[in-house]
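Participant: The structure follows.
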Amino acid sequence: MRADLRLSAVSLVTALVLGAGAAPALAEEPAPTVGVGRAVTVDTQRGTFRVTAWTDAPQATVTSVSAKVRQGDTVLADLPSLVENPSSRGTFALPEESALKLTEDGGTIPALGRYAIDVTATDSLGNTVTRANAGTLDFTLRPVLTSFDVGVSTWADRNIHPQGTLVGIQPGSLDQVPLPGRSVSFRLGWDETAIGTAVTDATGAFTAAPIPLTTRYAWYRAEFSENGDEVHGLGARTDDADVRTRRMALTATADKTLAVNGETVTVTGRVTDPADGSPVADEPLEALLGGGVPLAVRTDAEGRFTARLVAAPGPDHTGWSVRGTGVFQEGLYANGALAMPKDTRTNLVAYRLDSNGRLTAWGQFRSPYETWAGYMTDQTVLLEQSPDGLTGWKKVASTPITTDVRRSFAVGVATRGGWFRLHSLGSSMYAESVSRTFQVARTSTRVLSVDATPEPVRKGSEITVTATVQHDQAGWKPLAGQQVQLRFAAWGSQTWKTVAWGRTSATGRASLKARTSVDGTYTVVYVGDASHFDSTGRGDYVDVR
């Protein structure tokens, strides 16, 4: 044991009592000693062991280490000199060429088992120590699987067939000794659950019952462990599965090339032997739409299968596919085109019916479950009209848009009012959708009895133009208090100019005045308001002299 430089208990008590008085003499430091560590059996050659030894004496070195192996009080081996490892100073071992052996092999150990090891170490100053029971010599057989093979698995025989040999390595001689009657277990990869076992025969050989192969690229582990007086340790060995696949042919078709959300797509097909076209029955397959959830199916006696899949559009969800899922299949894959338009929403943002009969609707086309898209596609949005807002929808206008998840648009038409909606026709990328319906209406108006007097008229004189404005209120009624314009177009011109403004009376009558200069036509125009259409009266030609 290494020297302990701490104060002794007596010295510590004395120091506390004396306080600040004269310091008492410290306890004398023990002489440097030699230390011995734990003796450990070398697992690869259990007829040997190693141990560490050291000295705390300054400038001293360990010069010799010896050991005794005993059973109780009986010394079975006296080992006068252990050899220091040149690459690991302070570690001493019994050389392998001097390994302990059984008496039947010319050694001194009577039987397999565990034996005590006493170790004595001496340094260059003559200090020495003996550590009894420094360790235990594990003089037992080390189990080893000298062979392990899972055989060849085929489509006709879909099992592995574990077999191999288990032996024990004898200490000292390193002879291989059969280990009969032992149970060897088998595991898939690093899984700790055993999938089978086999018992060794008189030669240490074992053959297991067939175990189903579950994955093509598997490896298996055989294990044996025991902790007894004759055998101690764990033996393990691995082997890769050798799988021989069978080539097959798969043909398949889908009953449609476009499916909207929630629509069923039926994929049918057949699996055959490409050599002679014969059906392959009871083969596992999986079918899926785009990147959706696969559906497991199996072929029937004629090699045929049917998969009914529900379209659920999502990012990059296009096409259908069928593939084999069996371990022994080869060549089982088929796919085809299938468009699954993404859900959309066509929103009505605003609308306006102007007094001139022009309806404009503003909307937004969206794919509500996407925040972005790396592609663009052309869409068409219709403005549709219905006589009752429920049925008989007909296109009255349209506009093209290029869609990338979200796009605003406007569409317009000349109309006297009615029920309308926006309808996105959809494409292979985006499904169709319609907005809410909306109704627009204005009251019809008319300008009657436009009359310019006097006529003919002298150039530079004033002319008076009168007219009557009416609106349709379950019959034509006077439209009072509304703004009207007097417009004039010179003879031979198509350009109309506003030359005066006025308002209608309580009877809807308007009277407007203007100075004449050239021949031309006068008319009165009602400009409309928030609830009335505008209207224009017939012109009255005036001859200016």
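Order determines the names: the first chain of the structure tokens is A, the second B, and so forth; residues in each chain are numbered 1 upward, and ligands are numbered 1 upward as they are shown.
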Which polymer residues have any atom within 7 Å of an atom of range 238-249 of chain A, counting only C-alpha atoms, with same-chain residues fewer than 6 positions away left out, as a PDB file with all heavy atoms, in the first residue's frame?
Facilitator:
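And here's result.pdb as it stands now:
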ATOM      1  N   PHE A 148     -20.491 -20.870 -38.047  1.00  0.00           N
ATOM      2  CA  PHE A 148     -21.915 -20.540 -37.997  1.00  0.00           C
ATOM      3  C   PHE A 148     -22.352 -20.151 -39.394  1.00  0.00           C
ATOM      4  O   PHE A 148     -21.731 -19.312 -40.047  1.00  0.00           O
ATOM      5  CB  PHE A 148     -22.176 -19.391 -37.021  1.00  0.00           C
ATOM      6  CG  PHE A 148     -23.615 -18.932 -37.026  1.00  0.00           C
ATOM      7  CD1 PHE A 148     -24.642 -19.812 -36.743  1.00  0.00           C
ATOM      8  CD2 PHE A 148     -23.935 -17.613 -37.341  1.00  0.00           C
ATOM      9  CE1 PHE A 148     -25.970 -19.383 -36.755  1.00  0.00           C
ATOM     10  CE2 PHE A 148     -25.250 -17.189 -37.350  1.00  0.00           C
ATOM     11  CZ  PHE A 148     -26.276 -18.076 -37.062  1.00  0.00           C
ATOM     12  N   ASP A 149     -23.446 -20.774 -39.861  1.00  0.00           N
ATOM     13  CA  ASP A 149     -23.925 -20.545 -41.223  1.00  0.00           C
ATOM     14  C   ASP A 149     -25.451 -20.653 -41.204  1.00  0.00           C
ATOM     15  O   ASP A 149     -26.000 -21.585 -40.606  1.00  0.00           O
ATOM     16  CB  ASP A 149     -23.322 -21.585 -42.180  1.00  0.00           C
ATOM     17  CG  ASP A 149     -23.773 -21.366 -43.619  1.00  0.00           C
ATOM     18  OD1 ASP A 149     -24.183 -20.228 -43.940  1.00  0.00           O
ATOM     19  OD2 ASP A 149     -23.716 -22.317 -44.411  1.00  0.00           O
ATOM     20  N   VAL A 150     -26.127 -19.683 -41.850  1.00  0.00           N
ATOM     21  CA  VAL A 150     -27.599 -19.729 -41.889  1.00  0.00           C
ATOM     22  C   VAL A 150     -28.114 -20.318 -43.195  1.00  0.00           C
ATOM     23  O   VAL A 150     -29.331 -20.390 -43.398  1.00  0.00           O
ATOM     24  CB  VAL A 150     -28.203 -18.323 -41.673  1.00  0.00           C
ATOM     25  CG1 VAL A 150     -27.847 -17.788 -40.296  1.00  0.00           C
ATOM     26  CG2 VAL A 150     -27.770 -17.351 -42.762  1.00  0.00           C
ATOM     27  N   GLY A 151     -27.222 -20.726 -44.095  1.00  0.00           N
ATOM     28  CA  GLY A 151     -27.644 -21.399 -45.311  1.00  0.00           C
ATOM     29  C   GLY A 151     -28.177 -20.441 -46.369  1.00  0.00           C
ATOM     30  O   GLY A 151     -28.023 -19.222 -46.286  1.00  0.00           O
ATOM     31  N   VAL A 152     -28.836 -20.982 -47.367  1.00  0.00           N
ATOM     32  CA  VAL A 152     -29.377 -20.228 -48.503  1.00  0.00           C
ATOM     33  C   VAL A 152     -30.903 -20.249 -48.428  1.00  0.00           C
ATOM     34  O   VAL A 152     -31.518 -21.298 -48.266  1.00  0.00           O
ATOM     35  CB  VAL A 152     -28.905 -20.823 -49.842  1.00  0.00           C
ATOM     36  CG1 VAL A 152     -29.518 -20.066 -51.013  1.00  0.00           C
ATOM     37  CG2 VAL A 152     -27.376 -20.793 -49.925  1.00  0.00           C
ATOM     38  N   SER A 153     -31.517 -19.048 -48.544  1.00  0.00           N
ATOM     39  CA  SER A 153     -32.972 -18.930 -48.536  1.00  0.00           C
ATOM     40  C   SER A 153     -33.448 -18.626 -49.950  1.00  0.00           C
ATOM     41  O   SER A 153     -32.883 -17.761 -50.635  1.00  0.00           O
ATOM     42  CB  SER A 153     -33.417 -17.817 -47.583  1.00  0.00           C
ATOM     43  OG  SER A 153     -32.936 -18.065 -46.277  1.00  0.00           O
ATOM     44  N   THR A 154     -34.482 -19.316 -50.376  1.00  0.00           N
ATOM     45  CA  THR A 154     -35.004 -19.150 -51.733  1.00  0.00           C
ATOM     46  C   THR A 154     -36.503 -18.910 -51.685  1.00  0.00           C
ATOM     47  O   THR A 154     -37.145 -19.052 -50.639  1.00  0.00           O
ATOM     48  CB  THR A 154     -34.712 -20.392 -52.588  1.00  0.00           C
ATOM     49  OG1 THR A 154     -35.462 -21.509 -52.059  1.00  0.00           O
ATOM     50  CG2 THR A 154     -33.225 -20.731 -52.577  1.00  0.00           C
ATOM     51  N   TRP A 155     -37.078 -18.563 -52.858  1.00  0.00           N
ATOM     52  CA  TRP A 155     -38.529 -18.362 -52.939  1.00  0.00           C
ATOM     53  C   TRP A 155     -39.266 -19.651 -52.575  1.00  0.00           C
ATOM     54  O   TRP A 155     -40.317 -19.615 -51.957  1.00  0.00           O
ATOM     55  CB  TRP A 155     -38.875 -17.914 -54.355  1.00  0.00           C
ATOM     56  CG  TRP A 155     -40.311 -17.554 -54.526  1.00  0.00           C
ATOM     57  CD1 TRP A 155     -40.898 -16.352 -54.235  1.00  0.00           C
ATOM     58  CD2 TRP A 155     -41.355 -18.383 -55.036  1.00  0.00           C
ATOM     59  NE1 TRP A 155     -42.241 -16.384 -54.525  1.00  0.00           N
ATOM     60  CE2 TRP A 155     -42.562 -17.630 -55.034  1.00  0.00           C
ATOM     61  CE3 TRP A 155     -41.402 -19.701 -55.514  1.00  0.00           C
ATOM     62  CZ2 TRP A 155     -43.767 -18.138 -55.475  1.00  0.00           C
ATOM     63  CZ3 TRP A 155     -42.621 -20.203 -55.949  1.00  0.00           C
ATOM     64  CH2 TRP A 155     -43.781 -19.431 -55.935  1.00  0.00           C
ATOM     65  N   ARG A 216     -34.541  -9.176 -46.551  1.00  0.00           N
ATOM     66  CA  ARG A 216     -33.539  -9.654 -47.515  1.00  0.00           C
ATOM     67  C   ARG A 216     -32.114  -9.361 -47.053  1.00  0.00           C
ATOM     68  O   ARG A 216     -31.231 -10.200 -47.161  1.00  0.00           O
ATOM     69  CB  ARG A 216     -33.784  -8.991 -48.872  1.00  0.00           C
ATOM     70  CG  ARG A 216     -32.790  -9.442 -49.953  1.00  0.00           C
ATOM     71  CD  ARG A 216     -33.095  -8.807 -51.294  1.00  0.00           C
ATOM     72  NE  ARG A 216     -34.449  -9.109 -51.727  1.00  0.00           N
ATOM     73  CZ  ARG A 216     -34.954  -8.696 -52.891  1.00  0.00           C
ATOM     74  NH1 ARG A 216     -34.225  -7.947 -53.697  1.00  0.00           N
ATOM     75  NH2 ARG A 216     -36.173  -9.020 -53.230  1.00  0.00           N
ATOM     76  N   TYR A 217     -31.875  -8.155 -46.553  1.00  0.00           N
ATOM     77  CA  TYR A 217     -30.501  -7.771 -46.218  1.00  0.00           C
ATOM     78  C   TYR A 217     -30.258  -7.921 -44.712  1.00  0.00           C
ATOM     79  O   TYR A 217     -29.861  -6.978 -44.029  1.00  0.00           O
ATOM     80  CB  TYR A 217     -30.247  -6.343 -46.684  1.00  0.00           C
ATOM     81  CG  TYR A 217     -30.517  -6.171 -48.154  1.00  0.00           C
ATOM     82  CD1 TYR A 217     -31.664  -5.534 -48.599  1.00  0.00           C
ATOM     83  CD2 TYR A 217     -29.638  -6.692 -49.103  1.00  0.00           C
ATOM     84  CE1 TYR A 217     -31.926  -5.400 -49.950  1.00  0.00           C
ATOM     85  CE2 TYR A 217     -29.898  -6.566 -50.461  1.00  0.00           C
ATOM     86  CZ  TYR A 217     -31.047  -5.911 -50.872  1.00  0.00           C
ATOM     87  OH  TYR A 217     -31.308  -5.783 -52.208  1.00  0.00           O
ATOM     88  N   ALA A 218     -30.512  -9.119 -44.206  1.00  0.00           N
ATOM     89  CA  ALA A 218     -30.388  -9.361 -42.771  1.00  0.00           C
ATOM     90  C   ALA A 218     -29.069 -10.065 -42.457  1.00  0.00           C
ATOM     91  O   ALA A 218     -28.474 -10.722 -43.306  1.00  0.00           O
ATOM     92  CB  ALA A 218     -31.556 -10.215 -42.281  1.00  0.00           C
ATOM     93  N   TRP A 219     -28.636  -9.903 -41.215  1.00  0.00           N
ATOM     94  CA  TRP A 219     -27.543 -10.728 -40.694  1.00  0.00           C
ATOM     95  C   TRP A 219     -27.987 -11.283 -39.341  1.00  0.00           C
ATOM     96  O   TRP A 219     -28.800 -10.692 -38.649  1.00  0.00           O
ATOM     97  CB  TRP A 219     -26.242  -9.937 -40.581  1.00  0.00           C
ATOM     98  CG  TRP A 219     -26.285  -8.737 -39.685  1.00  0.00           C
ATOM     99  CD1 TRP A 219     -26.699  -7.488 -39.989  1.00  0.00           C
ATOM    100  CD2 TRP A 219     -25.873  -8.688 -38.307  1.00  0.00           C
ATOM    101  NE1 TRP A 219     -26.591  -6.648 -38.917  1.00  0.00           N
ATOM    102  CE2 TRP A 219     -26.085  -7.357 -37.872  1.00  0.00           C
ATOM    103  CE3 TRP A 219     -25.358  -9.621 -37.413  1.00  0.00           C
ATOM    104  CZ2 TRP A 219     -25.787  -6.946 -36.574  1.00  0.00           C
ATOM    105  CZ3 TRP A 219     -25.061  -9.213 -36.123  1.00  0.00           C
ATOM    106  CH2 TRP A 219     -25.275  -7.892 -35.722  1.00  0.00           C
ATOM    107  N   TYR A 220     -27.441 -12.426 -39.041  1.00  0.00           N
ATOM    108  CA  TYR A 220     -27.880 -13.160 -37.856  1.00  0.00           C
ATOM    109  C   TYR A 220     -26.692 -13.417 -36.933  1.00  0.00           C
ATOM    110  O   TYR A 220     -25.536 -13.532 -37.371  1.00  0.00           O
ATOM    111  CB  TYR A 220     -28.540 -14.480 -38.253  1.00  0.00           C
ATOM    112  CG  TYR A 220     -29.827 -14.272 -39.014  1.00  0.00           C
ATOM    113  CD1 TYR A 220     -29.813 -14.087 -40.395  1.00  0.00           C
ATOM    114  CD2 TYR A 220     -31.048 -14.235 -38.357  1.00  0.00           C
ATOM    115  CE1 TYR A 220     -30.991 -13.875 -41.094  1.00  0.00           C
ATOM    116  CE2 TYR A 220     -32.236 -14.030 -39.046  1.00  0.00           C
ATOM    117  CZ  TYR A 220     -32.197 -13.848 -40.420  1.00  0.00           C
ATOM    118  OH  TYR A 220     -33.354 -13.632 -41.109  1.00  0.00           O
ATOM    119  N   ARG A 221     -27.001 -13.542 -35.650  1.00  0.00           N
ATOM    120  CA  ARG A 221     -25.981 -13.722 -34.628  1.00  0.00           C
ATOM    121  C   ARG A 221     -26.303 -14.976 -33.825  1.00  0.00           C
ATOM    122  O   ARG A 221     -27.418 -15.144 -33.315  1.00  0.00           O
ATOM    123  CB  ARG A 221     -25.967 -12.501 -33.711  1.00  0.00           C
ATOM    124  CG  ARG A 221     -24.856 -12.463 -32.687  1.00  0.00           C
ATOM    125  CD  ARG A 221     -24.775 -11.089 -32.036  1.00  0.00           C
ATOM    126  NE  ARG A 221     -25.620 -10.978 -30.860  1.00  0.00           N
ATOM    127  CZ  ARG A 221     -26.754 -10.314 -30.806  1.00  0.00           C
ATOM    128  NH1 ARG A 221     -27.234  -9.723 -31.875  1.00  0.00           N
ATOM    129  NH2 ARG A 221     -27.453 -10.241 -29.680  1.00  0.00           N
ATOM    130  N   ALA A 222     -25.305 -15.878 -33.715  1.00  0.00           N
ATOM    131  CA  ALA A 222     -25.423 -17.047 -32.843  1.00  0.00           C
ATOM    132  C   ALA A 222     -24.683 -16.740 -31.545  1.00  0.00           C
ATOM    133  O   ALA A 222     -23.584 -16.170 -31.574  1.00  0.00           O
ATOM    134  CB  ALA A 222     -24.837 -18.283 -33.509  1.00  0.00           C
ATOM    135  N   VAL A 271     -49.375 -10.442 -61.601  1.00  0.00           N
ATOM    136  CA  VAL A 271     -47.986 -10.861 -61.434  1.00  0.00           C
ATOM    137  C   VAL A 271     -47.825 -12.212 -62.102  1.00  0.00           C
ATOM    138  O   VAL A 271     -48.578 -13.150 -61.829  1.00  0.00           O
ATOM    139  CB  VAL A 271     -47.594 -10.941 -59.947  1.00  0.00           C
ATOM    140  CG1 VAL A 271     -46.172 -11.469 -59.792  1.00  0.00           C
ATOM    141  CG2 VAL A 271     -47.728  -9.572 -59.283  1.00  0.00           C
ATOM    142  N   THR A 272     -46.810 -12.310 -62.980  1.00  0.00           N
ATOM    143  CA  THR A 272     -46.584 -13.551 -63.721  1.00  0.00           C
ATOM    144  C   THR A 272     -45.100 -13.894 -63.734  1.00  0.00           C
ATOM    145  O   THR A 272     -44.243 -13.070 -63.391  1.00  0.00           O
ATOM    146  CB  THR A 272     -47.074 -13.417 -65.175  1.00  0.00           C
ATOM    147  OG1 THR A 272     -46.384 -12.314 -65.801  1.00  0.00           O
ATOM    148  CG2 THR A 272     -48.574 -13.179 -65.234  1.00  0.00           C
ATOM    149  N   ASP A 273     -44.824 -15.123 -64.145  1.00  0.00           N
ATOM    150  CA  ASP A 273     -43.452 -15.572 -64.370  1.00  0.00           C
ATOM    151  C   ASP A 273     -43.070 -15.147 -65.779  1.00  0.00           C
ATOM    152  O   ASP A 273     -43.728 -15.541 -66.753  1.00  0.00           O
ATOM    153  CB  ASP A 273     -43.367 -17.086 -64.232  1.00  0.00           C
ATOM    154  CG  ASP A 273     -41.930 -17.580 -64.259  1.00  0.00           C
ATOM    155  OD1 ASP A 273     -41.128 -17.045 -65.051  1.00  0.00           O
ATOM    156  OD2 ASP A 273     -41.621 -18.509 -63.499  1.00  0.00           O
ATOM    157  N   PRO A 274     -42.018 -14.312 -65.933  1.00  0.00           N
ATOM    158  CA  PRO A 274     -41.682 -13.829 -67.269  1.00  0.00           C
ATOM    159  C   PRO A 274     -41.219 -14.937 -68.217  1.00  0.00           C
ATOM    160  O   PRO A 274     -41.243 -14.761 -69.440  1.00  0.00           O
ATOM    161  CB  PRO A 274     -40.562 -12.823 -67.011  1.00  0.00           C
ATOM    162  CG  PRO A 274     -39.991 -13.207 -65.689  1.00  0.00           C
ATOM    163  CD  PRO A 274     -41.131 -13.770 -64.911  1.00  0.00           C
ATOM    164  N   PHE A 328     -38.371 -12.247 -51.430  1.00  0.00           N
ATOM    165  CA  PHE A 328     -37.794 -13.047 -52.502  1.00  0.00           C
ATOM    166  C   PHE A 328     -38.219 -12.575 -53.888  1.00  0.00           C
ATOM    167  O   PHE A 328     -37.972 -13.244 -54.879  1.00  0.00           O
ATOM    168  CB  PHE A 328     -38.185 -14.518 -52.309  1.00  0.00           C
ATOM    169  CG  PHE A 328     -37.712 -15.076 -50.992  1.00  0.00           C
ATOM    170  CD1 PHE A 328     -38.527 -15.045 -49.880  1.00  0.00           C
ATOM    171  CD2 PHE A 328     -36.426 -15.582 -50.868  1.00  0.00           C
ATOM    172  CE1 PHE A 328     -38.088 -15.538 -48.660  1.00  0.00           C
ATOM    173  CE2 PHE A 328     -35.979 -16.075 -49.659  1.00  0.00           C
ATOM    174  CZ  PHE A 328     -36.811 -16.051 -48.545  1.00  0.00           C
ATOM    175  N   GLN A 329     -38.849 -11.415 -53.971  1.00  0.00           N
ATOM    176  CA  GLN A 329     -39.297 -10.899 -55.257  1.00  0.00           C
ATOM    177  C   GLN A 329     -38.198 -10.079 -55.935  1.00  0.00           C
ATOM    178  O   GLN A 329     -37.379  -9.451 -55.279  1.00  0.00           O
ATOM    179  CB  GLN A 329     -40.526 -10.001 -55.068  1.00  0.00           C
ATOM    180  CG  GLN A 329     -41.711 -10.706 -54.440  1.00  0.00           C
ATOM    181  CD  GLN A 329     -42.774  -9.712 -53.992  1.00  0.00           C
ATOM    182  OE1 GLN A 329     -42.516  -8.524 -53.864  1.00  0.00           O
ATOM    183  NE2 GLN A 329     -43.972 -10.213 -53.741  1.00  0.00           N
ATOM    184  N   GLU A 330     -38.251 -10.084 -57.251  1.00  0.00           N
ATOM    185  CA  GLU A 330     -37.358  -9.230 -58.032  1.00  0.00           C
ATOM    186  C   GLU A 330     -38.111  -8.755 -59.266  1.00  0.00           C
ATOM    187  O   GLU A 330     -38.786  -9.537 -59.937  1.00  0.00           O
ATOM    188  CB  GLU A 330     -36.093  -9.987 -58.445  1.00  0.00           C
ATOM    189  CG  GLU A 330     -35.093  -9.117 -59.193  1.00  0.00           C
ATOM    190  CD  GLU A 330     -33.827  -9.881 -59.556  1.00  0.00           C
ATOM    191  OE1 GLU A 330     -33.667 -11.020 -59.101  1.00  0.00           O
ATOM    192  OE2 GLU A 330     -33.028  -9.334 -60.329  1.00  0.00           O
ATOM    193  N   GLY A 331     -38.024  -7.452 -59.553  1.00  0.00           N
ATOM    194  CA  GLY A 331     -38.645  -6.895 -60.751  1.00  0.00           C
ATOM    195  C   GLY A 331     -40.080  -6.488 -60.593  1.00  0.00           C
ATOM    196  O   GLY A 331     -40.748  -6.188 -61.584  1.00  0.00           O
ATOM    197  N   LEU A 332     -40.606  -6.441 -59.373  1.00  0.00           N
ATOM    198  CA  LEU A 332     -42.014  -6.112 -59.181  1.00  0.00           C
ATOM    199  C   LEU A 332     -42.181  -4.621 -58.924  1.00  0.00           C
ATOM    200  O   LEU A 332     -42.110  -4.139 -57.778  1.00  0.00           O
ATOM    201  CB  LEU A 332     -42.594  -6.917 -58.015  1.00  0.00           C
ATOM    202  CG  LEU A 332     -42.857  -8.393 -58.293  1.00  0.00           C
ATOM    203  CD1 LEU A 332     -43.601  -9.037 -57.145  1.00  0.00           C
ATOM    204  CD2 LEU A 332     -43.631  -8.584 -59.581  1.00  0.00           C
TER     205      LEU A 332
END
Participant: Using DSSP assignments from the backbone, pull out every residue in range 186-315 of chain A that falls under strand (DSSP E) and give it to me as a ChimeraX atom specification.
Facilitator: /A:186-188,194-199,205-207,211-212,219-227,232-240,242-244,246-247,249-254,264-272,284-289,295-298,304-310
Participant: Name all residues at most 12 Å from Ala202 in chain A (count only C-alpha atoms; drop same-chain ones fewer than 5 positions away) and give them as a PyMOL selection string.
Facilitator: chain A and resi 165-167+177-182
Participant: What would the file look like if the residues just selected were written as a compact mmCIF listing (two decimals), in the first residue's frame with C-alpha atoms?
Facilitator:
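And here is the file that came out, out00.txt:
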# COMPACT_ATOMS: atom_id res chain seq x y z
CA THR A 165 -20.01 -25.87 -34.06
CA LEU A 166 -19.40 -24.86 -30.43
CA VAL A 167 -16.15 -25.76 -28.65
CA VAL A 177 -12.85 -29.41 -26.62
CA PRO A 178 -16.39 -30.23 -27.85
CA LEU A 179 -19.18 -28.75 -25.71
CA PRO A 180 -22.09 -31.19 -26.02
CA GLY A 181 -25.60 -30.60 -24.72
CA ARG A 182 -25.34 -26.84 -24.81
Participant: Find the residues near range 116-125 of chain A: any atom within 7 Å, counting only C-alpha atoms, skip ones fewer than 5 places away on the same chain, and give them as a list in words.
Facilitator: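 Everything that qualifies: Val34, Val36, Ala53, Thr55, Ala60, Thr61, Val62, Thr63, Ser64, Val65, Ser66, Ala67, Lys68, Val69, Arg70, Gln71, Thr130, Arg131, Ala132, Asn133, Ala134, Gly135, Thr136 and Leu137 of chain A.
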Participant: Excluding Ala361 in chain A and residues on its chain fewer than 5 positions from it, collect all residues at most 8 Å away from it, counting only C-alpha atoms, and give them as a PyMOL selection string.
Facilitator: chain A and resi 348-352+410-412
